[in-house]
Structure formats: C-alpha cells, structure tokens
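Engineer: Here you go, model_2.txt (compact mmCIF, N, CA and C atoms):
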```txt
# COMPACT_ATOMS: atom_id res chain seq x y z
N MET A 1 0.84 -1.18 0.00
CA MET A 1 0.00 0.00 0.00
C MET A 1 0.88 1.24 0.00
N SER A 2 0.54 2.16 -0.82
CA SER A 2 1.30 3.39 -0.95
C SER A 2 0.89 4.40 0.12
N ARG A 3 1.85 5.23 0.50
CA ARG A 3 1.55 6.30 1.46
C ARG A 3 1.34 7.63 0.74
N ASP A 4 1.31 7.61 -0.61
CA ASP A 4 1.03 8.82 -1.36
C ASP A 4 -0.38 9.31 -1.03
N LYS A 5 -0.62 10.58 -1.35
CA LYS A 5 -1.95 11.13 -1.11
C LYS A 5 -2.97 10.41 -1.99
N PRO A 6 -4.11 10.05 -1.42
CA PRO A 6 -5.12 9.37 -2.22
C PRO A 6 -5.81 10.33 -3.18
N LYS A 7 -6.17 9.83 -4.37
CA LYS A 7 -6.96 10.62 -5.31
C LYS A 7 -8.43 10.58 -4.91
N ALA A 8 -8.83 9.44 -4.37
CA ALA A 8 -10.21 9.25 -3.93
C ALA A 8 -10.19 8.32 -2.73
N ALA A 9 -11.18 8.46 -1.88
CA ALA A 9 -11.29 7.59 -0.71
C ALA A 9 -12.77 7.40 -0.38
N ALA A 10 -13.06 6.26 0.19
CA ALA A 10 -14.42 5.97 0.63
C ALA A 10 -14.35 5.18 1.92
N ALA A 11 -15.31 5.41 2.78
CA ALA A 11 -15.43 4.67 4.03
C ALA A 11 -16.71 3.85 3.94
N LEU A 12 -16.60 2.59 4.32
CA LEU A 12 -17.75 1.69 4.27
C LEU A 12 -18.14 1.27 5.68
N ALA A 13 -19.41 0.97 5.83
CA ALA A 13 -19.92 0.41 7.08
C ALA A 13 -20.81 -0.77 6.71
N TYR A 14 -20.80 -1.77 7.58
CA TYR A 14 -21.65 -2.93 7.33
C TYR A 14 -22.05 -3.56 8.65
N ASP A 15 -23.34 -3.61 8.87
CA ASP A 15 -23.90 -4.29 10.03
C ASP A 15 -24.84 -5.36 9.50
N PRO A 16 -24.40 -6.63 9.51
CA PRO A 16 -25.23 -7.68 8.93
C PRO A 16 -26.60 -7.81 9.59
N GLU A 17 -26.75 -7.28 10.80
CA GLU A 17 -28.05 -7.31 11.48
C GLU A 17 -29.03 -6.31 10.87
N LYS A 18 -28.50 -5.23 10.28
CA LYS A 18 -29.36 -4.14 9.78
C LYS A 18 -29.27 -3.93 8.28
N ASP A 19 -28.09 -4.18 7.70
CA ASP A 19 -27.83 -3.81 6.31
C ASP A 19 -27.94 -5.01 5.37
N ALA A 20 -28.53 -4.78 4.21
CA ALA A 20 -28.57 -5.81 3.17
C ALA A 20 -27.21 -5.95 2.51
N ALA A 21 -26.45 -4.85 2.50
CA ALA A 21 -25.12 -4.83 1.88
C ALA A 21 -24.32 -3.72 2.55
N PRO A 22 -22.99 -3.76 2.42
CA PRO A 22 -22.18 -2.65 2.93
C PRO A 22 -22.63 -1.34 2.28
N ARG A 23 -22.49 -0.25 3.02
CA ARG A 23 -22.90 1.05 2.48
C ARG A 23 -21.76 2.04 2.61
N VAL A 24 -21.79 3.01 1.73
CA VAL A 24 -20.80 4.09 1.73
C VAL A 24 -21.22 5.09 2.80
N VAL A 25 -20.34 5.36 3.76
CA VAL A 25 -20.67 6.34 4.80
C VAL A 25 -19.93 7.65 4.59
N ALA A 26 -18.88 7.63 3.78
CA ALA A 26 -18.16 8.85 3.42
C ALA A 26 -17.41 8.57 2.13
N ALA A 27 -17.33 9.57 1.27
CA ALA A 27 -16.59 9.41 0.02
C ALA A 27 -16.20 10.78 -0.50
N GLY A 28 -15.04 10.85 -1.11
CA GLY A 28 -14.63 12.12 -1.68
C GLY A 28 -13.33 12.00 -2.44
N ARG A 29 -12.98 13.08 -3.10
CA ARG A 29 -11.75 13.16 -3.88
C ARG A 29 -10.88 14.29 -3.36
N GLY A 30 -9.61 14.24 -3.71
CA GLY A 30 -8.69 15.32 -3.35
C GLY A 30 -8.57 15.50 -1.85
N TYR A 31 -8.79 16.74 -1.40
CA TYR A 31 -8.64 17.05 0.02
C TYR A 31 -9.57 16.19 0.88
N LEU A 32 -10.80 15.98 0.43
CA LEU A 32 -11.74 15.18 1.21
C LEU A 32 -11.23 13.73 1.34
N ALA A 33 -10.63 13.21 0.28
CA ALA A 33 -10.05 11.86 0.34
C ALA A 33 -8.94 11.81 1.38
N GLU A 34 -8.09 12.83 1.39
CA GLU A 34 -7.01 12.90 2.38
C GLU A 34 -7.58 12.94 3.79
N LEU A 35 -8.65 13.71 3.98
CA LEU A 35 -9.27 13.84 5.30
C LEU A 35 -9.88 12.52 5.76
N ILE A 36 -10.56 11.83 4.86
CA ILE A 36 -11.15 10.52 5.19
C ILE A 36 -10.06 9.56 5.66
N GLU A 37 -8.96 9.52 4.91
CA GLU A 37 -7.87 8.61 5.28
C GLU A 37 -7.22 9.04 6.60
N LYS A 38 -7.02 10.33 6.79
CA LYS A 38 -6.41 10.85 8.03
C LYS A 38 -7.27 10.48 9.24
N LEU A 39 -8.58 10.70 9.14
CA LEU A 39 -9.48 10.38 10.25
C LEU A 39 -9.50 8.88 10.54
N ALA A 40 -9.45 8.08 9.50
CA ALA A 40 -9.40 6.63 9.70
C ALA A 40 -8.15 6.24 10.48
N ARG A 41 -7.01 6.75 10.05
CA ARG A 41 -5.76 6.41 10.74
C ARG A 41 -5.77 6.90 12.19
N GLU A 42 -6.27 8.12 12.42
CA GLU A 42 -6.32 8.67 13.78
C GLU A 42 -7.22 7.83 14.69
N ASN A 43 -8.21 7.15 14.11
CA ASN A 43 -9.14 6.35 14.89
C ASN A 43 -8.86 4.85 14.79
N ASN A 44 -7.63 4.53 14.36
CA ASN A 44 -7.19 3.14 14.25
C ASN A 44 -8.11 2.27 13.40
N VAL A 45 -8.65 2.87 12.34
CA VAL A 45 -9.46 2.14 11.38
C VAL A 45 -8.52 1.68 10.27
N PRO A 46 -8.50 0.39 9.96
CA PRO A 46 -7.61 -0.08 8.90
C PRO A 46 -7.90 0.63 7.57
N VAL A 47 -6.85 0.99 6.85
CA VAL A 47 -6.97 1.67 5.56
C VAL A 47 -6.47 0.73 4.48
N TYR A 48 -7.34 0.42 3.55
CA TYR A 48 -7.02 -0.44 2.41
C TYR A 48 -7.07 0.42 1.16
N ARG A 49 -5.96 0.52 0.46
CA ARG A 49 -5.89 1.37 -0.74
C ARG A 49 -6.31 0.59 -1.98
N HIS A 50 -7.31 1.09 -2.68
CA HIS A 50 -7.78 0.53 -3.95
C HIS A 50 -8.40 1.69 -4.71
N GLU A 51 -7.55 2.42 -5.46
CA GLU A 51 -7.98 3.66 -6.12
C GLU A 51 -9.19 3.48 -7.03
N GLU A 52 -9.18 2.43 -7.83
CA GLU A 52 -10.28 2.22 -8.77
C GLU A 52 -11.60 2.03 -8.03
N LEU A 53 -11.59 1.21 -6.98
CA LEU A 53 -12.80 1.00 -6.19
C LEU A 53 -13.21 2.29 -5.49
N ALA A 54 -12.24 3.02 -4.95
CA ALA A 54 -12.56 4.28 -4.27
C ALA A 54 -13.24 5.26 -5.23
N LEU A 55 -12.75 5.33 -6.46
CA LEU A 55 -13.38 6.21 -7.45
C LEU A 55 -14.81 5.77 -7.75
N THR A 56 -15.02 4.46 -7.86
CA THR A 56 -16.36 3.94 -8.10
C THR A 56 -17.29 4.26 -6.94
N LEU A 57 -16.82 4.04 -5.71
CA LEU A 57 -17.65 4.30 -4.53
C LEU A 57 -17.93 5.79 -4.37
N THR A 58 -16.97 6.62 -4.74
CA THR A 58 -17.17 8.07 -4.68
C THR A 58 -18.31 8.46 -5.61
N GLY A 59 -18.39 7.79 -6.75
CA GLY A 59 -19.47 8.06 -7.69
C GLY A 59 -20.84 7.67 -7.16
N LEU A 60 -20.90 6.69 -6.27
CA LEU A 60 -22.17 6.28 -5.67
C LEU A 60 -22.69 7.33 -4.70
N GLY A 61 -21.79 7.90 -3.92
CA GLY A 61 -22.18 8.88 -2.92
C GLY A 61 -22.47 8.26 -1.57
N ALA A 62 -22.38 9.07 -0.54
CA ALA A 62 -22.59 8.61 0.83
C ALA A 62 -24.03 8.18 1.05
N GLY A 63 -24.18 7.14 1.87
CA GLY A 63 -25.50 6.65 2.23
C GLY A 63 -26.01 5.53 1.34
N ARG A 64 -25.35 5.28 0.23
CA ARG A 64 -25.80 4.27 -0.72
C ARG A 64 -25.18 2.91 -0.42
N GLU A 65 -25.98 1.85 -0.59
CA GLU A 65 -25.44 0.50 -0.49
C GLU A 65 -24.63 0.21 -1.75
N ILE A 66 -23.61 -0.61 -1.59
CA ILE A 66 -22.82 -0.97 -2.76
C ILE A 66 -23.66 -1.87 -3.67
N PRO A 67 -23.46 -1.78 -4.98
CA PRO A 67 -24.22 -2.63 -5.90
C PRO A 67 -23.67 -4.06 -5.90
N PRO A 68 -24.49 -5.03 -6.31
CA PRO A 68 -24.07 -6.43 -6.32
C PRO A 68 -22.76 -6.68 -7.07
N GLY A 69 -22.47 -5.92 -8.08
CA GLY A 69 -21.25 -6.10 -8.84
C GLY A 69 -19.98 -5.86 -8.04
N LEU A 70 -20.11 -5.20 -6.89
CA LEU A 70 -18.95 -4.91 -6.03
C LEU A 70 -18.87 -5.83 -4.81
N TYR A 71 -19.84 -6.72 -4.64
CA TYR A 71 -19.87 -7.57 -3.45
C TYR A 71 -18.57 -8.35 -3.26
N GLN A 72 -18.06 -8.97 -4.33
CA GLN A 72 -16.88 -9.82 -4.19
C GLN A 72 -15.67 -9.03 -3.71
N VAL A 73 -15.36 -7.92 -4.38
CA VAL A 73 -14.17 -7.15 -4.01
C VAL A 73 -14.33 -6.56 -2.60
N VAL A 74 -15.52 -6.11 -2.26
CA VAL A 74 -15.74 -5.55 -0.92
C VAL A 74 -15.67 -6.65 0.13
N ALA A 75 -16.16 -7.84 -0.18
CA ALA A 75 -16.06 -8.97 0.76
C ALA A 75 -14.59 -9.30 1.05
N GLU A 76 -13.75 -9.24 0.02
CA GLU A 76 -12.33 -9.49 0.21
C GLU A 76 -11.70 -8.42 1.11
N ILE A 77 -12.12 -7.19 0.95
CA ILE A 77 -11.60 -6.10 1.78
C ILE A 77 -12.08 -6.26 3.22
N ILE A 78 -13.34 -6.60 3.41
CA ILE A 78 -13.87 -6.81 4.76
C ILE A 78 -13.11 -7.95 5.44
N ALA A 79 -12.82 -9.02 4.71
CA ALA A 79 -12.03 -10.13 5.27
C ALA A 79 -10.65 -9.64 5.67
N TRP A 80 -10.03 -8.80 4.84
CA TRP A 80 -8.72 -8.22 5.16
C TRP A 80 -8.80 -7.39 6.44
N VAL A 81 -9.85 -6.59 6.56
CA VAL A 81 -10.02 -5.75 7.76
C VAL A 81 -10.13 -6.63 9.00
N TYR A 82 -10.93 -7.69 8.93
CA TYR A 82 -11.06 -8.59 10.08
C TYR A 82 -9.72 -9.21 10.46
N ARG A 83 -8.92 -9.59 9.45
CA ARG A 83 -7.59 -10.15 9.75
C ARG A 83 -6.69 -9.12 10.42
N MET A 84 -6.73 -7.88 9.94
CA MET A 84 -5.92 -6.81 10.53
C MET A 84 -6.35 -6.54 11.97
N GLU A 85 -7.66 -6.50 12.21
CA GLU A 85 -8.15 -6.27 13.57
C GLU A 85 -7.75 -7.41 14.50
N LYS A 86 -7.81 -8.65 14.01
CA LYS A 86 -7.41 -9.79 14.83
C LYS A 86 -5.92 -9.71 15.15
N LYS A 87 -5.12 -9.34 14.16
CA LYS A 87 -3.68 -9.20 14.37
C LYS A 87 -3.40 -8.13 15.42
N LEU A 88 -4.11 -7.00 15.34
CA LEU A 88 -3.94 -5.93 16.33
C LEU A 88 -4.32 -6.41 17.73
N ASP A 89 -5.45 -7.14 17.82
CA ASP A 89 -5.88 -7.66 19.11
C ASP A 89 -4.85 -8.62 19.69
N ASN A 90 -4.27 -9.47 18.86
CA ASN A 90 -3.25 -10.41 19.32
C ASN A 90 -2.00 -9.68 19.79
N ASN A 91 -1.63 -8.61 19.11
CA ASN A 91 -0.45 -7.83 19.50
C ASN A 91 -0.67 -7.08 20.81
N ARG A 92 -1.92 -6.72 21.08
CA ARG A 92 -2.23 -6.02 22.34
C ARG A 92 -2.20 -6.97 23.52
N GLY A 93 -2.40 -8.27 23.20
CA GLY A 93 -2.29 -9.34 24.17
C GLY A 93 -3.31 -9.33 25.21
```
Can you give me the file's structure in the form of structure tokens?

Structural biologist:
Amino acid sequence: MSRDKPKAAAALAYDPEKDAAPRVVAAGRGYLAELIEKLARENNVPVYRHEELALTLTGLGAGREIPPGLYQVVAEIIAWVYRMEKKLDNNRG
C-alpha cells in the first residue's frame, strides 16, 4: 500500500443485522479523500488502498449500499479488515 496522497477515498460500514449490503458512509476526492484517510488512521481504522474502487464508490455517494457487482471485491476487503483487527488484538495481548 502506498503512502502517497489518495486521489479518492471511501469509508464503508456494514452491520449484517441491519444492512442488506455494505454502504458508503463517506466518500470524496482530493482534500476530502485525504481527510477521510487521516481520520481513519487517527481512529485506528484499517486503511485499504484501492484507487479504482474508491473512485467507483465516490461516484455512488454517501449513504448508498454498494451494488451487487462490487460484493466480491468488498467482501475481500472486509475479510482483510477482520484479519488486521485480529492481528492488532493479538499484538495487544
């Protein structure tokens, strides 16, 4: 993952108890993308860089569920996030 400034960024949320699919909770380009990533890092939220997906999600806009065509790639990212969180928990001991 690159530490360069992001061109686009999106934040997703998913609660399987309430949501039919993950939804975009924040999305933006340029300065807003930088802010989304900065806030994620400050709050220990794992950051996964995927510029093409971020641009697509930015086009959807905040509050929208991801379309079925993105389920596979987003599922892989959610699995990555769970692995990162588990690794962090193990390191905290």

Engineer: For the structure I just gave you, how does DSSP split segment 2-74 of chain A - specifically, which residues are alpha helix (DSSP H)? Reply as a ChimeraX atom specification.

Structural biologist: /A:31-42,51-60,71-74

Engineer: Give me the residues near segment 78-84 of chain A as a CSV table (one decimal) with N, CA and C atoms, in the coordinates of the input, where near means some atom within 9 Å (using only C-alpha atoms) and where sequence neighbours in that chain fewer than 2 positions away do not count.

Structural biologist:
```csv
chain,number,residue,atom,x,y,z
A,45,VAL,N,-8.6,2.9,12.3
A,45,VAL,CA,-9.5,2.1,11.4
A,45,VAL,C,-8.5,1.7,10.3
A,46,PRO,N,-8.5,0.4,10.0
A,46,PRO,CA,-7.6,-0.1,8.9
A,46,PRO,C,-7.9,0.6,7.6
A,47,VAL,N,-6.8,1.0,6.8
A,47,VAL,CA,-7.0,1.7,5.6
A,47,VAL,C,-6.5,0.7,4.5
A,48,TYR,N,-7.3,0.4,3.6
A,48,TYR,CA,-7.0,-0.4,2.4
A,48,TYR,C,-7.1,0.4,1.2
A,73,VAL,N,-15.4,-7.9,-4.4
A,73,VAL,CA,-14.2,-7.2,-4.0
A,73,VAL,C,-14.3,-6.6,-2.6
A,74,VAL,N,-15.5,-6.1,-2.3
A,74,VAL,CA,-15.7,-5.6,-0.9
A,74,VAL,C,-15.7,-6.6,0.1
A,75,ALA,N,-16.2,-7.8,-0.2
A,75,ALA,CA,-16.1,-9.0,0.8
A,75,ALA,C,-14.6,-9.3,1.0
A,76,GLU,N,-13.8,-9.2,0.0
A,76,GLU,CA,-12.3,-9.5,0.2
A,76,GLU,C,-11.7,-8.4,1.1
A,86,LYS,N,-7.8,-8.6,14.0
A,86,LYS,CA,-7.4,-9.8,14.8
A,86,LYS,C,-5.9,-9.7,15.2
A,87,LYS,N,-5.1,-9.3,14.2
A,87,LYS,CA,-3.7,-9.2,14.4
A,87,LYS,C,-3.4,-8.1,15.4
A,88,LEU,N,-4.1,-7.0,15.3
A,88,LEU,CA,-3.9,-5.9,16.3
A,88,LEU,C,-4.3,-6.4,17.7
A,89,ASP,N,-5.4,-7.1,17.8
A,89,ASP,CA,-5.9,-7.7,19.1
A,89,ASP,C,-4.8,-8.6,19.7
```

Engineer: Which residue, A:Val25, A:Glu85, A:Asn43, A:Gly30, has the smallest gap to Gly61 of chain A when you use only N, CA and C atoms?

Structural biologist: A:Val25

Engineer: Counting only C-alpha atoms, I want the residues whose atoms come within 6 Å of (-17.7, 9.6, -1.5) in the file frame, returned as JSON, numbers by chain.

Structural biologist: {"A": [10, 26, 27, 28, 58, 61, 62]}

Engineer: Which distance in Å separates atom CA of Arg49 of chain A and atom CA of Leu35 of chain A, to one decimal?

Structural biologist: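 Taking atom CA of Arg49 of chain A and atom CA of Leu35 of chain A, their separation equals 14.3 Å.
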
Engineer: Where in chain A does DSSP assign strand (DSSP E), given as a ChimeraX atom specification?

Structural biologist: /A:8-13,23-29

Engineer: Between atom C of Arg29 of chain A and atom CA of Pro6 of chain A, measure the distance and give it in Å to one decimal.

Structural biologist: 7.7 Å

Engineer: Got a sec: who's within 6 Å of segment 12-23 of chain A, counting all atoms listed in the file, leaving out chain neighbours fewer than 5 positions off, as a PyMOL selection string?

Structural biologist: chain A and resi 63-66

Engineer: To one decimal in Å, tell me the separation between atom N of Leu39 of chain A and atom C of Asp4 of chain A.

Structural biologist: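 Distance reported for this atom pair: 13.1 Å.
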